[in-house]
>>> print(open('run.txt').read())   # compact mmCIF, C-alpha atoms and all ligand atoms
# COMPACT_ATOMS: atom_id res chain seq x y z
CA MET A 1 47.11 54.68 -78.65
CA ALA A 2 44.50 57.42 -79.08
CA LYS A 3 43.77 58.24 -82.69
CA TYR A 4 42.13 61.33 -84.13
CA ASN A 5 41.15 62.07 -87.70
CA ILE A 6 41.74 65.69 -88.60
CA VAL A 7 40.54 67.34 -91.79
CA LEU A 8 42.87 69.98 -93.19
CA LEU A 9 41.20 72.68 -95.26
CA PRO A 10 44.12 74.94 -96.26
CA GLY A 11 42.16 76.96 -98.82
CA ASP A 12 43.67 80.00 -100.52
CA GLY A 13 46.45 82.56 -100.25
CA ILE A 14 48.37 82.20 -97.00
CA GLY A 15 45.90 79.52 -95.80
CA PRO A 16 48.11 76.60 -96.92
CA GLU A 17 51.26 78.33 -95.63
CA VAL A 18 49.97 78.73 -92.08
CA VAL A 19 48.13 75.39 -91.90
CA LYS A 20 51.40 73.63 -92.76
CA GLU A 21 53.04 75.15 -89.67
CA ALA A 22 50.10 74.24 -87.44
CA VAL A 23 50.38 70.64 -88.65
CA LYS A 24 54.11 70.69 -87.86
CA VAL A 25 53.27 71.61 -84.28
CA LEU A 26 50.46 69.03 -84.00
CA GLN A 27 52.85 66.34 -85.20
CA VAL A 28 55.29 67.18 -82.41
CA ILE A 29 52.44 67.05 -79.89
CA GLY A 30 51.30 63.72 -81.36
CA ASP A 31 54.78 62.21 -80.87
CA LYS A 32 55.05 63.53 -77.32
CA TYR A 33 51.67 62.35 -76.14
CA THR A 34 51.68 59.18 -78.27
CA ILE A 35 48.58 60.18 -80.11
CA SER A 36 48.14 59.37 -83.73
CA PHE A 37 46.81 62.32 -85.69
CA ASN A 38 45.61 61.20 -89.07
CA PHE A 39 45.46 64.20 -91.42
CA THR A 40 43.28 64.24 -94.53
CA GLU A 41 43.44 67.27 -96.78
CA ALA A 42 40.44 68.47 -98.75
CA LEU A 43 39.54 71.21 -101.20
CA VAL A 44 37.83 74.39 -100.07
CA GLY A 45 37.28 77.95 -101.30
CA GLY A 46 38.96 79.25 -104.42
CA ALA A 47 41.15 76.15 -104.62
CA ALA A 48 37.99 74.04 -104.77
CA ILE A 49 36.36 76.33 -107.34
CA GLU A 50 39.36 75.84 -109.63
CA GLU A 51 39.16 72.02 -109.37
CA THR A 52 35.42 71.41 -109.15
CA GLY A 53 33.56 74.68 -109.76
CA ASP A 54 32.17 74.50 -106.21
CA PRO A 55 33.67 76.35 -103.18
CA LEU A 56 32.49 73.57 -100.86
CA PRO A 57 32.43 70.26 -102.73
CA LYS A 58 30.15 67.53 -101.33
CA GLU A 59 33.15 65.31 -100.58
CA THR A 60 34.69 68.03 -98.43
CA LEU A 61 31.51 68.54 -96.42
CA GLU A 62 31.07 64.77 -95.98
CA LEU A 63 34.67 64.40 -94.81
CA CYS A 64 34.13 67.15 -92.26
CA ARG A 65 31.00 65.43 -90.98
CA THR A 66 32.71 62.07 -90.55
CA HIS A 67 36.15 63.21 -89.34
CA LYS A 68 34.74 65.95 -87.10
CA TYR A 69 37.91 67.90 -86.27
CA ILE A 70 38.71 70.55 -88.84
CA LEU A 71 41.72 72.81 -89.19
CA PHE A 72 40.88 75.60 -91.60
CA GLY A 73 43.27 78.09 -93.26
CA ALA A 74 41.54 80.88 -95.18
CA VAL A 75 39.49 81.34 -98.34
CA GLY A 76 39.08 84.06 -100.91
CA GLY A 77 41.16 86.24 -103.16
CA PRO A 78 41.08 88.74 -106.01
CA LYS A 79 40.66 86.02 -108.62
CA TRP A 80 37.17 85.18 -107.36
CA GLU A 81 36.06 88.63 -106.26
CA ASP A 82 33.61 89.17 -109.10
CA LEU A 83 31.71 85.90 -108.67
CA PRO A 84 28.12 86.12 -107.41
CA ARG A 85 27.64 85.81 -103.64
CA ASP A 86 26.73 82.12 -103.69
CA LYS A 87 29.63 81.06 -105.86
CA ARG A 88 32.40 82.90 -104.00
CA PRO A 89 35.09 81.11 -101.95
CA GLU A 90 33.78 82.74 -98.74
CA ARG A 91 30.54 80.80 -99.21
CA ALA A 92 32.46 77.67 -98.18
CA ILE A 93 33.28 78.79 -94.65
CA LEU A 94 29.81 80.26 -94.17
CA ASP A 95 28.16 77.01 -95.30
CA LEU A 96 30.48 74.89 -93.18
CA ARG A 97 29.61 76.89 -90.06
CA LYS A 98 25.89 76.82 -90.80
CA LYS A 99 25.61 73.20 -91.94
CA LEU A 100 27.71 71.89 -89.05
CA GLU A 101 25.74 74.13 -86.61
CA LEU A 102 28.87 75.74 -85.20
CA TYR A 103 27.18 78.70 -83.59
CA ALA A 104 29.82 79.63 -81.02
CA ASN A 105 33.03 81.24 -82.21
CA LEU A 106 35.65 81.83 -79.51
CA ARG A 107 38.29 84.42 -80.41
CA PRO A 108 40.84 85.01 -77.65
CA ALA A 109 42.94 88.18 -77.81
CA TYR A 110 45.83 87.84 -75.38
CA LEU A 111 48.74 90.26 -75.34
CA PHE A 112 52.04 88.38 -75.26
CA PRO A 113 54.09 90.58 -72.93
CA SER A 114 57.08 90.68 -75.28
CA LEU A 115 54.84 92.01 -78.05
CA ALA A 116 53.67 95.11 -76.19
CA HIS A 117 55.82 97.17 -78.54
CA SER A 118 53.99 95.72 -81.57
CA SER A 119 50.67 97.06 -80.33
CA PRO A 120 49.87 100.56 -81.53
CA LEU A 121 48.53 101.32 -78.04
CA LYS A 122 50.57 103.34 -75.52
CA GLU A 123 52.50 101.48 -72.86
CA GLU A 124 50.38 102.99 -70.05
CA ILE A 125 47.23 101.47 -71.58
CA LEU A 126 48.90 98.08 -71.93
CA LYS A 127 50.57 97.91 -68.55
CA ASN A 128 48.01 95.53 -67.05
CA GLY A 129 47.90 93.39 -70.16
CA ILE A 130 45.06 92.46 -72.50
CA ASP A 131 43.14 89.22 -72.09
CA ILE A 132 39.83 89.32 -73.93
CA LEU A 133 37.69 86.51 -75.24
CA VAL A 134 35.29 87.53 -77.99
CA VAL A 135 32.37 85.09 -78.05
CA ARG A 136 30.87 85.66 -81.47
CA GLU A 137 27.56 84.15 -82.53
CA LEU A 138 28.34 82.47 -85.85
CA THR A 139 25.26 81.11 -87.60
CA GLY A 140 22.72 83.92 -87.49
CA ASP A 141 22.35 87.68 -87.91
CA ILE A 142 22.66 89.62 -91.15
CA TYR A 143 24.99 86.88 -92.46
CA PHE A 144 22.15 84.41 -92.91
CA GLY A 145 18.79 86.19 -92.58
CA GLU A 146 16.25 86.10 -95.42
CA PRO A 147 15.24 87.75 -97.68
CA ARG A 148 18.46 88.79 -99.33
CA GLY A 149 19.49 89.60 -102.85
CA ARG A 150 19.08 92.23 -105.48
CA GLU A 151 16.06 93.53 -107.29
CA ALA A 152 16.06 95.61 -110.43
CA LEU A 153 14.27 98.92 -110.03
CA GLU A 154 13.09 101.22 -112.73
CA TYR A 155 16.29 103.12 -112.10
CA GLY A 156 19.15 101.07 -110.70
CA TYR A 157 18.83 98.29 -108.09
CA LYS A 158 17.71 97.53 -104.60
CA ALA A 159 20.03 95.30 -102.52
CA ILE A 160 18.68 93.51 -99.45
CA ASP A 161 20.29 91.82 -96.45
CA THR A 162 18.21 90.88 -93.44
CA ALA A 163 19.31 90.63 -89.82
CA VAL A 164 17.45 87.90 -87.92
CA TYR A 165 17.92 86.51 -84.41
CA THR A 166 15.61 84.16 -82.56
CA SER A 167 15.55 84.08 -78.76
CA ARG A 168 16.79 80.47 -78.90
CA GLU A 169 19.85 81.48 -80.92
CA ILE A 170 20.65 84.29 -78.49
CA GLU A 171 20.07 82.14 -75.44
CA ARG A 172 22.47 79.37 -76.44
CA ILE A 173 25.35 81.71 -77.30
CA ALA A 174 24.72 83.71 -74.11
CA ARG A 175 24.89 80.52 -72.04
CA LYS A 176 28.21 79.64 -73.70
CA ALA A 177 29.61 83.07 -72.86
CA PHE A 178 28.50 82.94 -69.21
CA GLU A 179 29.81 79.40 -68.77
CA ILE A 180 33.20 80.43 -70.11
CA ALA A 181 33.22 83.60 -68.00
CA LYS A 182 32.90 81.41 -64.88
CA LYS A 183 36.37 80.06 -65.61
CA ARG A 184 37.81 83.51 -66.37
CA ARG A 185 37.52 86.92 -64.67
CA LYS A 186 33.73 86.57 -64.34
CA LYS A 187 32.72 89.51 -66.43
CA VAL A 188 30.58 89.57 -69.59
CA THR A 189 30.17 92.64 -71.76
CA SER A 190 27.29 92.09 -74.16
CA VAL A 191 27.65 94.23 -77.25
CA ASP A 192 24.71 95.25 -79.42
CA LYS A 193 23.01 98.18 -81.11
CA ALA A 194 19.81 98.08 -79.07
CA ASN A 195 19.25 101.80 -79.55
CA VAL A 196 18.53 101.13 -83.23
CA LEU A 197 18.07 97.45 -84.10
CA GLU A 198 15.17 95.18 -83.21
CA THR A 199 17.46 92.11 -83.21
CA SER A 200 19.64 93.92 -80.67
CA ARG A 201 16.68 94.74 -78.42
CA LEU A 202 15.81 91.05 -78.29
CA TRP A 203 19.51 90.27 -77.81
CA ARG A 204 19.69 92.50 -74.73
CA GLU A 205 16.48 91.09 -73.22
CA VAL A 206 17.52 87.47 -73.66
CA VAL A 207 21.09 88.03 -72.44
CA THR A 208 19.74 89.79 -69.34
CA GLU A 209 17.38 86.89 -68.70
CA VAL A 210 20.15 84.28 -69.10
CA SER A 211 22.40 86.30 -66.78
CA LYS A 212 19.95 85.73 -63.88
CA LYS A 213 21.14 82.13 -63.75
CA TYR A 214 24.72 83.38 -63.33
CA PRO A 215 24.66 85.70 -60.31
CA GLN A 216 28.41 85.30 -59.86
CA ILE A 217 29.04 86.89 -63.29
CA GLU A 218 29.01 90.64 -63.73
CA LEU A 219 27.08 91.62 -66.85
CA ASN A 220 27.13 94.95 -68.58
CA HIS A 221 25.83 96.07 -71.95
CA GLN A 222 27.59 98.29 -74.45
CA TYR A 223 26.58 99.68 -77.79
CA VAL A 224 28.89 98.49 -80.52
CA ASP A 225 30.08 101.95 -81.50
CA ASN A 226 31.05 102.69 -77.91
CA CYS A 227 32.67 99.26 -77.55
CA SER A 228 34.89 99.82 -80.57
CA MET A 229 36.11 103.01 -78.88
CA GLN A 230 36.43 101.45 -75.39
CA LEU A 231 38.60 98.65 -76.80
CA ILE A 232 41.22 101.23 -77.63
CA LYS A 233 40.71 103.49 -74.63
CA ASN A 234 40.74 100.82 -71.93
CA PRO A 235 40.98 97.23 -73.22
CA ARG A 236 41.61 95.93 -69.69
CA GLN A 237 37.96 96.54 -68.78
CA PHE A 238 36.99 93.56 -70.97
CA ASP A 239 36.97 89.90 -70.04
CA VAL A 240 34.35 88.15 -72.20
CA ILE A 241 32.75 90.12 -75.02
CA LEU A 242 29.49 88.47 -76.08
CA THR A 243 28.17 89.65 -79.41
CA GLY A 244 26.43 88.80 -82.67
CA ASN A 245 27.89 87.58 -85.92
CA MET A 246 28.53 90.90 -87.65
CA PHE A 247 29.74 92.92 -84.66
CA GLY A 248 31.90 89.97 -83.54
CA ASP A 249 33.57 89.82 -86.94
CA ILE A 250 34.52 93.48 -86.83
CA LEU A 251 35.42 93.78 -83.15
CA SER A 252 37.67 90.73 -83.26
CA ASP A 253 39.77 92.19 -86.09
CA GLU A 254 40.07 95.33 -83.97
CA ALA A 255 41.03 93.27 -80.91
CA SER A 256 43.71 91.48 -82.95
CA MET A 257 45.49 94.74 -83.63
CA LEU A 258 45.48 95.64 -79.93
CA ILE A 259 47.70 92.60 -79.34
CA GLY A 260 50.00 93.41 -82.26
CA SER A 261 48.75 91.66 -85.40
CA ILE A 262 45.84 89.86 -86.95
CA GLY A 263 48.31 87.03 -87.52
CA LEU A 264 48.17 86.21 -83.80
CA LEU A 265 44.48 85.62 -83.16
CA PRO A 266 43.13 82.05 -83.29
CA SER A 267 39.58 80.80 -83.06
CA ALA A 268 37.42 77.79 -82.29
CA SER A 269 33.98 77.36 -83.86
CA LEU A 270 31.91 75.06 -81.69
CA GLY A 271 28.36 73.73 -81.47
CA GLU A 272 26.46 71.22 -79.35
CA ARG A 273 28.11 68.15 -80.87
CA ASP A 274 31.81 67.24 -80.89
CA ILE A 275 32.34 68.55 -84.43
CA ALA A 276 34.44 71.74 -84.57
CA ILE A 277 36.40 74.04 -86.85
CA TYR A 278 39.63 75.67 -85.72
CA GLU A 279 40.67 78.66 -87.79
CA PRO A 280 42.81 81.78 -87.54
CA ILE A 281 40.57 84.85 -87.72
CA HIS A 282 42.54 86.36 -90.58
CA GLY A 283 41.86 85.88 -94.26
CA SER A 284 43.92 84.71 -97.22
CA ALA A 285 46.08 87.89 -97.21
CA PRO A 286 46.59 88.07 -101.00
CA ASP A 287 49.05 90.94 -100.53
CA ILE A 288 51.62 88.68 -98.85
CA ALA A 289 50.65 85.22 -100.15
CA GLY A 290 53.50 83.10 -101.50
CA GLN A 291 56.15 85.33 -99.93
CA LYS A 292 56.76 83.40 -96.70
CA LYS A 293 55.73 86.50 -94.75
CA ALA A 294 52.59 85.19 -93.09
CA ASN A 295 52.57 84.88 -89.32
CA PRO A 296 51.61 81.26 -88.54
CA ILE A 297 50.97 81.88 -84.83
CA ALA A 298 47.19 82.37 -85.21
CA ALA A 299 46.95 79.01 -87.02
CA ILE A 300 49.27 77.32 -84.52
CA LEU A 301 47.24 78.63 -81.57
CA SER A 302 44.08 77.45 -83.37
CA ALA A 303 45.56 73.94 -83.40
CA GLY A 304 46.18 74.48 -79.66
CA MET A 305 42.50 75.27 -79.20
CA MET A 306 41.67 72.00 -80.98
CA LEU A 307 43.78 70.13 -78.42
CA LYS A 308 41.93 71.80 -75.58
CA TYR A 309 38.35 71.82 -76.83
CA SER A 310 38.17 68.69 -79.00
CA PHE A 311 40.76 66.35 -77.44
CA ASP A 312 40.60 67.46 -73.81
CA MET A 313 44.36 68.08 -73.76
CA PRO A 314 44.61 71.48 -72.04
CA GLU A 315 48.18 70.76 -70.95
CA ALA A 316 49.22 70.23 -74.60
CA GLU A 317 47.63 73.55 -75.51
CA GLU A 318 49.58 75.16 -72.65
CA GLN A 319 52.81 73.76 -74.10
CA ILE A 320 52.03 75.39 -77.43
CA LYS A 321 51.30 78.73 -75.77
CA LYS A 322 54.48 78.45 -73.71
CA ALA A 323 56.51 77.74 -76.84
CA VAL A 324 54.96 80.72 -78.64
CA ILE A 325 55.69 83.00 -75.67
CA SER A 326 59.26 81.83 -75.38
CA THR A 327 59.96 82.09 -79.15
CA LEU A 328 58.64 85.64 -79.11
CA GLU A 329 60.66 86.45 -75.99
CA GLU A 330 63.79 85.38 -77.82
CA GLY A 331 62.99 88.09 -80.35
CA TYR A 332 61.93 86.07 -83.40
CA ARG A 333 59.38 87.93 -85.49
CA THR A 334 57.56 87.54 -88.78
CA PRO A 335 57.34 90.83 -90.75
CA ASP A 336 53.92 91.81 -89.34
CA ILE A 337 55.35 92.20 -85.82
CA LEU A 338 58.94 93.05 -86.67
CA ARG A 339 60.61 96.07 -85.08
CA GLU A 340 64.17 97.28 -85.08
CA GLY A 341 66.47 94.95 -83.19
CA ASP A 342 64.21 91.89 -83.59
CA LEU A 343 65.24 88.68 -85.33
CA PRO A 344 63.35 88.48 -88.65
CA VAL A 345 62.07 85.03 -89.59
CA ASP A 346 59.83 83.64 -92.30
CA THR A 347 56.63 81.60 -91.86
CA GLU A 348 58.35 78.21 -91.88
CA THR A 349 61.12 79.22 -89.51
CA MET A 350 58.61 80.59 -87.01
CA GLY A 351 56.68 77.30 -87.17
CA SER A 352 59.85 75.23 -86.74
CA LEU A 353 61.13 77.32 -83.83
CA ILE A 354 57.85 76.81 -81.97
CA ALA A 355 57.73 73.09 -82.80
CA GLU A 356 61.35 72.55 -81.67
CA LYS A 357 60.68 74.38 -78.39
CA ILE A 358 57.81 72.02 -77.59
CA LYS A 359 60.11 69.02 -78.08
CA THR A 360 62.34 70.32 -75.27
CA TYR A 361 59.50 70.49 -72.72
CA LYS A 362 58.77 67.60 -70.34
P1 LIG A 401 43.02 89.52 -94.52
O1 LIG A 401 42.83 89.10 -93.10
O2 LIG A 401 43.28 88.45 -95.49
O3 LIG A 401 44.24 90.57 -94.60
C1 LIG A 401 44.18 91.86 -94.00
C2 LIG A 401 45.60 92.37 -93.77
O4 LIG A 401 46.22 91.60 -92.73
C3 LIG A 401 46.50 92.21 -95.00
O5 LIG A 401 47.39 93.28 -95.09
C4 LIG A 401 47.28 90.93 -94.69
O6 LIG A 401 48.56 90.85 -95.28
C5 LIG A 401 47.38 90.96 -93.17
N1 LIG A 401 47.43 89.59 -92.61
C6 LIG A 401 46.39 88.73 -92.54
N2 LIG A 401 46.80 87.58 -92.00
C7 LIG A 401 48.10 87.70 -91.72
C8 LIG A 401 49.08 86.83 -91.15
N3 LIG A 401 48.79 85.60 -90.75
N4 LIG A 401 50.34 87.30 -91.03
C9 LIG A 401 50.66 88.55 -91.40
N5 LIG A 401 49.78 89.43 -91.94
C10 LIG A 401 48.50 89.00 -92.11
O7 LIG A 401 41.73 90.36 -94.92
P2 LIG A 401 41.32 90.98 -96.37
O8 LIG A 401 42.52 91.44 -97.07
O9 LIG A 401 40.23 91.86 -96.08
O10 LIG A 401 40.73 89.72 -97.14
C11 LIG A 401 41.44 88.95 -98.10
C12 LIG A 401 40.58 87.78 -98.54
O11 LIG A 401 40.41 86.88 -97.44
C13 LIG A 401 39.17 88.16 -98.96
O12 LIG A 401 38.81 87.37 -100.04
C14 LIG A 401 38.32 87.86 -97.74
O13 LIG A 401 36.99 87.59 -98.05
C15 LIG A 401 39.01 86.64 -97.23
N6 LIG A 401 38.82 86.38 -95.79
C16 LIG A 401 38.71 85.08 -95.45
C17 LIG A 401 38.61 84.72 -94.10
C18 LIG A 401 38.48 83.28 -93.78
O14 LIG A 401 38.68 82.45 -94.63
N7 LIG A 401 38.14 82.93 -92.56
C19 LIG A 401 38.69 85.71 -93.13
C20 LIG A 401 38.82 87.04 -93.52
C21 LIG A 401 38.91 87.37 -94.86
C1 LIG A 402 36.02 85.65 -90.58
C2 LIG A 402 35.80 86.11 -92.00
C3 LIG A 402 34.50 85.54 -92.56
C4 LIG A 402 33.37 86.14 -91.74
C5 LIG A 402 34.26 85.75 -94.06
C6 LIG A 402 35.41 85.26 -94.89
C7 LIG A 402 33.02 85.07 -94.50
O1 LIG A 402 35.86 87.49 -92.10
O2 LIG A 402 36.06 84.44 -90.36
O3 LIG A 402 36.19 86.50 -89.71
O4 LIG A 402 32.91 87.25 -92.05
O5 LIG A 402 32.94 85.49 -90.81
MN MN A 403 36.53 88.45 -90.27
>>> encode(input="run.txt", output="structure tokens", more="lines below")
Ligand code: NAD
Ligand code: IPM
Ligand code: MN
Amino acid sequence: MAKYNIVLLPGDGIGPEVVKEAVKVLQVIGDKYTISFNFTEALVGGAAIEETGDPLPKETLELCRTHKYILFGAVGGPKWEDLPRDKRPERAILDLRKKLELYANLRPAYLFPSLAHSSPLKEEILKNGIDILVVRELTGDIYFGEPRGREALEYGYKAIDTAVYTSREIERIARKAFEIAKKRRKKVTSVDKANVLETSRLWREVVTEVSKKYPQIELNHQYVDNCSMQLIKNPRQFDVILTGNMFGDILSDEASMLIGSIGLLPSASLGERDIAIYEPIHGSAPDIAGQKKANPIAAILSAGMMLKYSFDMPEAEEQIKKAVISTLEEGYRTPDILREGDLPVDTETMGSLIAEKIKTYK
């Protein structure tokens, strides 16, 4: 019997609520495919600060390195908002990505047909569906460049963040995007700000160079301001969006709303080795935490991505997607996607409905 060790990092706010539902679904998959998933929970983010004073305790990092497959909830919250940058809960996810060299973050935005009415976009814009994969570079850019910090001036302060990209960093994420595009609709839109930023000028050059090895893939470039507009005007034009850390963060939240809710968009953070983090793109949602309102679908689909990318079980991921589609088609909705006439459910019920559906499949 195959056996996989999975680290659960529930974190803060709705993190634990949605991770619990993803585990429920993985357990059903484990039973079906006679795979033993061994879950080990560890502290991260604000929860870890409370217990140990450190958002990413050494034990947690070590566990991630040895167990390799990580299901992450969310970190952060008002309680820790005033801490300095390096002590905040968010530091944990940034350090995990950097230390585990997970430079490729895949964020698929797929419109479930029955949710078209949850999207703020007009029906005519949605009629051909939305199926976008944001490939976000995850370990470089203004998130990690040096120098950074604050300097006292004679009057007030100077705050510094530095955007840095090397050609090697751009090349490896570009290759990932082109490889994935081969298996999709064969189109890459590279998004940058090459009219202003030096990092973006290098980005464009390197992406163009990499694209020469992929003649079957159509490449076009867009400035990020235009892209954020085009996503709303004509989302169907996009297949793979290849972009840097900062723009990818922002554009993927925008993409999530095109499909109805940020509670629907999963992600996989991958590198060159078999270690990986699977995480919904949303945060800890302090405004709804503890109220059973969180949509667990992003976390459940993230577990699905783990099955596909880490365990080579694409058919198990398909079963999860099928169960999500069918549960939504039956009208069940968490509050974020609820409209008149729908069947309101809480976080746990949504997770159970999806898990039960999977049990009925062959
Ligand atoms: P957020 O994503 O937590 O919430 C934004 C809005 O979306 C809120 O109204 C929230 O209720 C809603 N929302 C988010 N997830 C939802 C879900 N699954 N179901 C239904 N509604 C959902 O972003 P924020 O409010 O800007 O940030 C809150 C905290 O989370 C901050 O501390 C931030 O740094 C942190 N954060 C963490 C991660 C992460 O851990 N990966 C990601 C983003 C933000
Ligand atoms: C995300 C989050 C993180 C990011 C924060 C919490 C550091 O917004 O995963 O999208 O900016 O990458
Ligand atoms: Mn984000």
>>> residues_around(input="run.txt", residues="Ile49 (chain A)", least_positions_apart="6", cutoff="10 Å", atoms="all atoms listed in the file", output="PyMOL selection string")
chain A and resi 43+55-57+80+87-89
>>> closest_residue(input="run.txt", among="A:Asn38, A:Gln27, A:Ser200, A:Thr139", to="Ser352 (chain A)", atoms="only C-alpha atoms")
A:Gln27
>>> residues_around(input="run.txt", residues="region 17-26 of chain A", least_positions_apart="5", cutoff="8 Å", atoms="all atoms listed in the file", output="compact mmCIF listing (two decimals) with C-alpha atoms, keeping the file's coordinate frame")
# COMPACT_ATOMS: atom_id res chain seq x y z
CA LEU A 8 42.87 69.98 -93.19
CA PRO A 10 44.12 74.94 -96.26
CA PHE A 37 46.81 62.32 -85.69
CA LEU A 71 41.72 72.81 -89.19
CA PHE A 72 40.88 75.60 -91.60
CA GLY A 73 43.27 78.09 -93.26
CA GLY A 290 53.50 83.10 -101.50
CA LYS A 292 56.76 83.40 -96.70
CA ALA A 294 52.59 85.19 -93.09
CA ASN A 295 52.57 84.88 -89.32
CA PRO A 296 51.61 81.26 -88.54
CA ILE A 297 50.97 81.88 -84.83
CA ALA A 299 46.95 79.01 -87.02
CA ILE A 300 49.27 77.32 -84.52
CA LEU A 301 47.24 78.63 -81.57
CA SER A 302 44.08 77.45 -83.37
CA ALA A 303 45.56 73.94 -83.40
CA ILE A 320 52.03 75.39 -77.43
CA THR A 347 56.63 81.60 -91.86
CA GLU A 348 58.35 78.21 -91.88
CA GLY A 351 56.68 77.30 -87.17
CA SER A 352 59.85 75.23 -86.74
CA ILE A 354 57.85 76.81 -81.97
CA ALA A 355 57.73 73.09 -82.80
>>> atom_distance(input="run.txt", atom1="CA of Glu137 (chain A)", atom2="CA of Pro16 (chain A)")
26.2 Å
>>> residues_near_ligand(input="run.txt", ligand="ligand LIG 402 (chain A)", cutoff="10 Å", atoms="only C-alpha atoms and all ligand atoms", output="PDB file with C-alpha atoms, in the frame of the given file")
ATOM      1  CA  GLY A  45      37.280  77.950-101.300  1.00  0.00           C
ATOM      2  CA  ALA A  74      41.540  80.880 -95.180  1.00  0.00           C
ATOM      3  CA  VAL A  75      39.490  81.340 -98.340  1.00  0.00           C
ATOM      4  CA  GLY A  76      39.080  84.060-100.910  1.00  0.00           C
ATOM      5  CA  ARG A  88      32.400  82.900-104.000  1.00  0.00           C
ATOM      6  CA  PRO A  89      35.090  81.110-101.950  1.00  0.00           C
ATOM      7  CA  GLU A  90      33.780  82.740 -98.740  1.00  0.00           C
ATOM      8  CA  ARG A  91      30.540  80.800 -99.210  1.00  0.00           C
ATOM      9  CA  ALA A  92      32.460  77.670 -98.180  1.00  0.00           C
ATOM     10  CA  ILE A  93      33.280  78.790 -94.650  1.00  0.00           C
ATOM     11  CA  LEU A  94      29.810  80.260 -94.170  1.00  0.00           C
ATOM     12  CA  ASP A  95      28.160  77.010 -95.300  1.00  0.00           C
ATOM     13  CA  ARG A  97      29.610  76.890 -90.060  1.00  0.00           C
ATOM     14  CA  ASN A 105      33.030  81.240 -82.210  1.00  0.00           C
ATOM     15  CA  ARG A 107      38.290  84.420 -80.410  1.00  0.00           C
ATOM     16  CA  ARG A 136      30.870  85.660 -81.470  1.00  0.00           C
ATOM     17  CA  GLU A 137      27.560  84.150 -82.530  1.00  0.00           C
ATOM     18  CA  LEU A 138      28.340  82.470 -85.850  1.00  0.00           C
ATOM     19  CA  THR A 139      25.260  81.110 -87.600  1.00  0.00           C
ATOM     20  CA  TYR A 143      24.990  86.880 -92.460  1.00  0.00           C
ATOM     21  CA  ASN A 245      27.890  87.580 -85.920  1.00  0.00           C
ATOM     22  CA  MET A 246      28.530  90.900 -87.650  1.00  0.00           C
ATOM     23  CA  PHE A 247      29.740  92.920 -84.660  1.00  0.00           C
ATOM     24  CA  GLY A 248      31.900  89.970 -83.540  1.00  0.00           C
ATOM     25  CA  ASP A 249      33.570  89.820 -86.940  1.00  0.00           C
ATOM     26  CA  ILE A 250      34.520  93.480 -86.830  1.00  0.00           C
ATOM     27  CA  LEU A 251      35.420  93.780 -83.150  1.00  0.00           C
ATOM     28  CA  SER A 252      37.670  90.730 -83.260  1.00  0.00           C
ATOM     29  CA  ASP A 253      39.770  92.190 -86.090  1.00  0.00           C
ATOM     30  CA  SER A 267      39.580  80.800 -83.060  1.00  0.00           C
ATOM     31  CA  SER A 269      33.980  77.360 -83.860  1.00  0.00           C
ATOM     32  CA  GLU A 279      40.670  78.660 -87.790  1.00  0.00           C
ATOM     33  CA  PRO A 280      42.810  81.780 -87.540  1.00  0.00           C
ATOM     34  CA  ILE A 281      40.570  84.850 -87.720  1.00  0.00           C
ATOM     35  CA  HIS A 282      42.540  86.360 -90.580  1.00  0.00           C
ATOM     36  CA  GLY A 283      41.860  85.880 -94.260  1.00  0.00           C
ATOM     37  CA  SER A 284      43.920  84.710 -97.220  1.00  0.00           C
TER      38      SER A 284
END
>>> residues_around(input="run.txt", residues="Glu254 (chain A)", least_positions_apart="6", cutoff="9 Å", atoms="all atoms listed in the file", output="PyMOL selection string")
chain A and resi 228+231-232+262
>>> residues_near_point(input="run.txt", point="(37.8, 88.2, -70.3)", cutoff="6 Å", atoms="only C-alpha atoms", output="list in words")
Asp131, Ile132, Leu133, Arg185, Phe238, Asp239 and Val240 of chain A
>>> write_last_selection(input="run.txt", atoms="C-alpha atoms", output="mmCIF file, keeping the file's coordinate frame")
data_model
loop_
_atom_site.group_PDB
_atom_site.id
_atom_site.type_symbol
_atom_site.label_atom_id
_atom_site.label_comp_id
_atom_site.auth_asym_id
_atom_site.auth_seq_id
_atom_site.Cartn_x
_atom_site.Cartn_y
_atom_site.Cartn_z
ATOM 1 C CA ASP A 131 43.140 89.220 -72.090
ATOM 2 C CA ILE A 132 39.830 89.320 -73.930
ATOM 3 C CA LEU A 133 37.690 86.510 -75.240
ATOM 4 C CA ARG A 185 37.520 86.920 -64.670
ATOM 5 C CA PHE A 238 36.990 93.560 -70.970
ATOM 6 C CA ASP A 239 36.970 89.900 -70.040
ATOM 7 C CA VAL A 240 34.350 88.150 -72.200
#
